[in-house]
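Enquirer: My structure is below; once you've seen it, I'll send some questions.
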Amino acid sequence: MLVEHPDEAAGLAIASGLRFAGYAVAVCPGPSGRGQCPLIGPAGCAPAHDADLVVCSLGYEHEVAREVLRELRTRYPSVPLLVEVPSDIDTGLRELLDGCHQLPAPASTEQIVAVVQSLSGQAAEEGPAGA
Amino acid sequence: MRSPFHSEPEAFRFLLVLVLALIPIVLAAALGPAWLALVVLGVILGALAMRMAHLRMRKLRGLELPVKMAPPHLGSAAERRVLIVANDTLSEEALLNEVERLACAPSTRVLLLAPALISPGARLTGAVDGLLDQARVRLKRALDRVGHDLVVAGEISEADPLEAIEDTFATFAPDEVIVSTRWERAAGGLEPRLAGLVRERFAVPVRHLVFEPGSAVQEPDRETEARYRQESGTVAARRFGLKALAGVGILAAVLMSMAALVQSSEREEARAASRLAAEEAAALPPVAKVVDLSVIPEYKRGPEGEKHDAFTTTEFAVRVGQPQELRIDNTDSVPHSITAPAAGVNIVVMPGTHTYTLLVKQPGTFLWFCTFICDEWAMQHPGYMSGYITAS
């Protein structure tokens with residue numbers, strides 16, 4: 001599971017919850033982190049490519065976070081996205097979120113883990129190579 | 001730098017690469033001139049250096065990618081696993097108290113990891129046993145002091161501390177990491193920057209605990225950690241630069257030594273060849289500087305009893321490529337010649353006394369004869385108006 005969260009402590013908390021639920025995790029602060037986000041460029045993101053599911057909690061008031069979401073959807077269409085969504089979203093974000101799994105922000109670690117487990121269960125039922 | 005013998009597959013891969021690199025060098029040395037082997041060696045070393053620089057840059061870029069990883073939690077949901085990384089601080093009472101406190105917490109397992117901190121020099125020379133023994137002794141003392149055998153275990157590692165921690169993540173899957181250091185790096189101790197590196201790489205909480213003799217445990221603030229990171233970046237860049245410089249120096253020295261060796265060997269071969277030629281020349285019979293002879297009509301009696309025209313000397317010994325002077329007194333009224341087509345010699349001997357040069361450019365024994373019609377019998381018989389030139 002790839003967790004994208006700009007806050008280090010919150011990202012680690014979600015990662016911890018997912019680890020105790022039995023998942024290997026990768027945590028990325030997204031474009032706010034040190035170094036350029038490889039999704040905003042030609043390189044691509046290996047952790048996103050290898051992920052079974054990406055949990056996005058980047059906060060979508062900034063255009064750069066939306067850019068990351070757009071790139072994730074374009075480059076890795078087979079990787080499911082679970083997006084923590086603010087209550088008031090504009091049309092552009094609504095269109096961007098179309099087809100993504102959504103959770104109202106702020107979501108607790110337990111909520112995120114529960115949804116991830118549910119999505120993983122669905123994927124397992126759909127096929128062994130499911131996301 | 002990771003040892004190429006870290007694991008069996010890595011050792012096999014290293015051996016394979018070594019053999020594959022040696023094959024073209026050996027082939028070039030066996031089938032071509034020495035400089036070709038040198039060029040192949042240079043190309044292979046250059047490719048190796050580029051590959052290493054590429055890997056290094058990729059590693060640095062990888063660290064720039066701020067993604068932390070962690071494997072799934074192992075054990076029951078209630079279980080908590082703590083990895084403590086320490087070396088010289090293992091003897092600190094404050095650290096041992098902390099381990100004891102963790103061991104007493106319910107459902108907690110503690111693993112003490114003691115990296116042996118083997119320097120590249122020691123790794124290269126194989127002098128690792130002493131360092132491993134030191135780490136082993138420290139760890140045993142700590143484990144004996146803490147007790148709680150069922151929940152506290154220990155491991156030593158000869159790998160780089162960060163790699164040792166990475167290996168431990170694969171086997172122990174800690175939920176928390178505690179890195180124990182001094183305020184500043186001491187000989188045989190872990191670097192304070194290690195905590196920051198672990199925090200950057202692994203998606204678990206990381207605590208950096210600093211233990212100094214006689215003082216309570218402390219945790220560095222953000223500024224101190226930032227300073228460690230900045231210093232480590234500067235030190236790493238300086239080390240990389242120095243290593244690259246040293247590598248280029250070593251490569252240049254190796255290539256220059258090999259070039260000098262090849263040149264010296266070629267010079268030695270040339271010296272040996274000239275020495276041999278001189279010895280061969282010295283072994284040859286001496287030749288006169290100037291040979292005096294005459295051409296005299298009806299000079300010598302033939303086997304049938306009649307007198308025939310003749311040169312007073314008909315056998316000439318010369319050195320290949322060295323001019324031999326002949327002072328010939330032709331007492332006849334017509335010209336004669338010393339002609340040896342196979343040796344490229346054609347000397348027209350005019351009446352009177354003149355000096356001629358006889359030059360033969362190849363070794364061998366060549367028949368010569370006079371081409372001016374005079375005494376026909378004498379022209380066909382060596383010892384009269386014919387003879388031999390021996391060039392050696």
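The chains in the structure tokens are called A, B, ... from first to last as shown; in each chain the residues are counted from 1, and the ligands are counted from 1 in the order shown.
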As a VMD selection string, could you give me every residue of chain A near chain B (at most 10 Å apart, counting only C-alpha atoms)?
Expert: chain A and resid 1 to 4 8 to 9 11 to 38 45 47
Enquirer: Find the residues around region 66-69 of chain A up to 9 Å (only C-alpha atoms counted), leave out those fewer than 6 positions away in its own chain, and share them as a CSV table (one decimal) with C-alpha atoms, in the first residue's frame.
Expert:
chain,number,residue,atom,x,y,z
A,30,GLY,CA,3.9,13.8,-2.0
A,31,PRO,CA,5.1,17.0,-3.7
A,37,CYS,CA,7.9,14.4,-6.9
A,39,LEU,CA,5.1,12.0,-10.8
A,40,ILE,CA,5.5,15.7,-11.8
A,56,CYS,CA,-4.2,9.8,-1.1
A,58,LEU,CA,-2.7,15.2,0.0
A,59,GLY,CA,-5.3,17.9,0.5
A,60,TYR,CA,-6.6,19.1,-2.9
A,81,LEU,CA,-7.1,5.1,-5.4
A,93,LEU,CA,-11.9,18.0,-8.4
A,96,LEU,CA,-10.9,14.2,-11.2
A,97,LEU,CA,-12.3,12.0,-8.4
Enquirer: Near Ile84 (chain B), within 8 Å and counting only C-alpha atoms, which residues show up once chain neighbours fewer than 2 positions away are dropped, as a ChimeraX atom specification?
Expert: /B:82,86,110-113,177-180
Enquirer: Just write the chosen residues, N, CA and C atoms, as a PDB file, in the first residue's frame.
Expert:
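Below you can see result07.pdb, which holds the result:
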ATOM      1  N   VAL B  82      10.241  -3.956  19.033  1.00  0.00           N
ATOM      2  CA  VAL B  82      11.128  -2.787  19.086  1.00  0.00           C
ATOM      3  C   VAL B  82      12.547  -3.221  18.714  1.00  0.00           C
ATOM      4  N   ALA B  86      22.479  -0.300  18.568  1.00  0.00           N
ATOM      5  CA  ALA B  86      23.490   0.316  19.442  1.00  0.00           C
ATOM      6  C   ALA B  86      24.807  -0.414  19.270  1.00  0.00           C
ATOM      7  N   VAL B 110      11.906  -7.296  22.096  1.00  0.00           N
ATOM      8  CA  VAL B 110      12.998  -6.355  21.831  1.00  0.00           C
ATOM      9  C   VAL B 110      14.141  -7.096  21.133  1.00  0.00           C
ATOM     10  N   LEU B 111      14.665  -6.484  20.101  1.00  0.00           N
ATOM     11  CA  LEU B 111      15.851  -7.037  19.445  1.00  0.00           C
ATOM     12  C   LEU B 111      16.970  -5.997  19.518  1.00  0.00           C
ATOM     13  N   LEU B 112      18.081  -6.410  20.123  1.00  0.00           N
ATOM     14  CA  LEU B 112      19.256  -5.527  20.185  1.00  0.00           C
ATOM     15  C   LEU B 112      20.150  -5.843  18.994  1.00  0.00           C
ATOM     16  N   LEU B 113      20.359  -4.855  18.149  1.00  0.00           N
ATOM     17  CA  LEU B 113      21.207  -5.053  16.972  1.00  0.00           C
ATOM     18  C   LEU B 113      22.506  -4.281  17.170  1.00  0.00           C
ATOM     19  N   VAL B 177      11.789   1.741  15.949  1.00  0.00           N
ATOM     20  CA  VAL B 177      13.260   1.603  15.958  1.00  0.00           C
ATOM     21  C   VAL B 177      13.825   2.644  16.918  1.00  0.00           C
ATOM     22  N   ILE B 178      14.747   2.203  17.746  1.00  0.00           N
ATOM     23  CA  ILE B 178      15.472   3.125  18.619  1.00  0.00           C
ATOM     24  C   ILE B 178      16.937   3.081  18.208  1.00  0.00           C
ATOM     25  N   VAL B 179      17.472   4.232  17.858  1.00  0.00           N
ATOM     26  CA  VAL B 179      18.891   4.305  17.488  1.00  0.00           C
ATOM     27  C   VAL B 179      19.626   4.984  18.636  1.00  0.00           C
ATOM     28  N   SER B 180      20.618   4.291  19.152  1.00  0.00           N
ATOM     29  CA  SER B 180      21.339   4.797  20.316  1.00  0.00           C
ATOM     30  C   SER B 180      22.749   5.212  19.920  1.00  0.00           C
TER      31      SER B 180
END
Enquirer: Select from region 165-218 of chain B everything DSSP, run on the backbone, classes as alpha helix (DSSP H), then give the selection as a ChimeraX atom specification.
Expert: /B:165-171,194-201
Enquirer: Residues within 6 Å of region 218-224 of chain B, please, as number ranges by chain. Count only C-alpha atoms; anything in the same chain fewer than 5 positions from it doesn't count.
Expert: B: 208-210
Enquirer: Select from chain A everything DSSP, run on the backbone, classes as strand (DSSP E or B), then give the selection as a list of chain:residue names.
Expert: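 DSSP-assigned strand (DSSP E or B) residues in chain A: A:Leu2, A:Val3, A:Glu4, A:Val25, A:Ala26, A:Val27, A:Cys28, A:Val54, A:Val55, A:Cys56, A:Leu81, A:Leu82, A:Val83, A:Glu84, A:Val85, A:His101, A:Gln102, A:Leu103, A:Pro104.
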Enquirer: Would you mind telling me which residue in A:Gly41, A:His101, A:Ser87, A:Pro106 lies nearest to Val54 (chain A) when using only C-alpha atoms?
Expert: A:His101
Enquirer: Find the residues near Thr108 (chain B): any atom within 7 Å, counting only C-alpha atoms, skip ones fewer than 3 places away on the same chain, and give them as an mmCIF file with N, CA and C atoms, in the first residue's frame.
Expert:
data_model
loop_
_atom_site.group_PDB
_atom_site.id
_atom_site.type_symbol
_atom_site.label_atom_id
_atom_site.label_comp_id
_atom_site.auth_asym_id
_atom_site.auth_seq_id
_atom_site.Cartn_x
_atom_site.Cartn_y
_atom_site.Cartn_z
ATOM 1 N N GLU B 79 0.983 -7.618 19.824
ATOM 2 C CA GLU B 79 2.441 -7.656 19.998
ATOM 3 C C GLU B 79 3.112 -6.397 19.434
ATOM 4 N N ARG B 80 4.130 -5.931 20.134
ATOM 5 C CA ARG B 80 4.876 -4.749 19.684
ATOM 6 C C ARG B 80 6.352 -5.129 19.620
ATOM 7 N N ARG B 81 6.940 -4.817 18.503
ATOM 8 C CA ARG B 81 8.344 -5.208 18.301
ATOM 9 C C ARG B 81 9.210 -3.963 18.232
ATOM 10 N N LEU B 102 11.332 -1.599 28.416
ATOM 11 C CA LEU B 102 10.566 -2.086 27.250
ATOM 12 C C LEU B 102 10.224 -3.559 27.414
ATOM 13 N N ALA B 103 11.203 -4.336 27.922
ATOM 14 C CA ALA B 103 10.993 -5.775 28.068
ATOM 15 C C ALA B 103 9.889 -6.087 29.073
ATOM 16 N N ALA B 105 7.216 -4.268 29.442
ATOM 17 C CA ALA B 105 5.902 -3.882 28.905
ATOM 18 C C ALA B 105 5.233 -5.121 28.323
ATOM 19 N N VAL B 151 12.026 -12.393 25.777
ATOM 20 C CA VAL B 151 11.545 -11.252 24.980
ATOM 21 C C VAL B 151 12.672 -10.366 24.453
#
Enquirer: Give me the residues within 7 Å of region 307-312 of chain B as a short mmCIF file (atom, residue, chain, number, x, y, z; two decimals) with N, CA and C atoms, in the first residue's frame, counting only C-alpha atoms and dropping any in the same chain fewer than 4 places off.
Expert:
data_model
loop_
_atom_site.label_atom_id
_atom_site.label_comp_id
_atom_site.auth_asym_id
_atom_site.auth_seq_id
_atom_site.Cartn_x
_atom_site.Cartn_y
_atom_site.Cartn_z
N LEU B 293 93.54 -5.94 -55.99
CA LEU B 293 93.61 -7.05 -56.95
C LEU B 293 93.89 -6.48 -58.34
N SER B 294 94.18 -7.42 -59.26
CA SER B 294 94.48 -6.99 -60.63
C SER B 294 93.74 -7.87 -61.62
N VAL B 295 93.61 -7.36 -62.83
CA VAL B 295 93.10 -8.18 -63.94
C VAL B 295 94.27 -8.27 -64.93
N ILE B 296 94.69 -9.51 -65.20
CA ILE B 296 95.89 -9.68 -66.02
C ILE B 296 95.58 -10.67 -67.15
N PRO B 297 95.77 -10.25 -68.39
CA PRO B 297 95.54 -11.19 -69.50
C PRO B 297 96.57 -12.33 -69.45
N GLU B 298 96.11 -13.52 -69.79
CA GLU B 298 96.94 -14.74 -69.82
C GLU B 298 97.76 -14.88 -68.53
N TYR B 299 97.10 -14.73 -67.44
CA TYR B 299 97.75 -14.71 -66.12
C TYR B 299 97.90 -16.10 -65.52
N LYS B 300 96.87 -16.93 -65.78
CA LYS B 300 96.84 -18.19 -65.03
C LYS B 300 96.69 -19.36 -66.00
N ARG B 301 97.41 -20.41 -65.70
CA ARG B 301 97.36 -21.59 -66.58
C ARG B 301 96.15 -22.44 -66.19
N GLY B 302 95.42 -22.91 -67.26
CA GLY B 302 94.25 -23.75 -67.04
C GLY B 302 94.64 -25.21 -66.95
N ASP B 375 88.29 -13.80 -72.62
CA ASP B 375 88.67 -15.21 -72.68
C ASP B 375 87.43 -16.02 -72.33
N ALA B 378 87.75 -18.67 -69.63
CA ALA B 378 87.98 -18.06 -68.32
C ALA B 378 86.71 -17.43 -67.76
N TYR B 384 89.08 -17.67 -62.48
CA TYR B 384 89.71 -16.97 -63.62
C TYR B 384 89.00 -15.63 -63.80
N MET B 385 88.05 -15.59 -64.78
CA MET B 385 87.27 -14.36 -64.95
C MET B 385 85.88 -14.54 -64.33
#
Enquirer: Determine, counting only C-alpha atoms, which protein, DNA and RNA residues have an atom within 8 Å of an atom of region 41-49 of chain B; residues of the same chain fewer than 6 positions away are not included. Present the result as a ChimeraX atom specification.
Expert: /B:21,25,251,255
Enquirer: When you count only C-alpha atoms, which of these residues is closest to Leu103 (chain A): A:Val85, A:Ser118, A:Ala46, A:Pro80?
Expert: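 Closest residue, counting only C-alpha atoms: A:Val85.
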Enquirer: Determine the nearest neighbour of Asp88 (chain B) from the options B:Cys104, B:Leu190, B:Val318, B:Leu276, counting only C-alpha atoms.
Expert: B:Leu190
Enquirer: Rounded to one decimal in Å, what is the spacing between CA of Glu225 (chain B) and CA of Phe211 (chain B)?
Expert: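 Those two atoms sit 15.2 Å apart.
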Enquirer: With only C-alpha atoms as the basis for distance, which of A:Ser57, A:Cys100, A:Arg75, A:Val64 is at the shortest distance from Gly44 (chain A)?
Expert: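 Checking each candidate against Gly44 (chain A), we get A:Arg75 as the closest.
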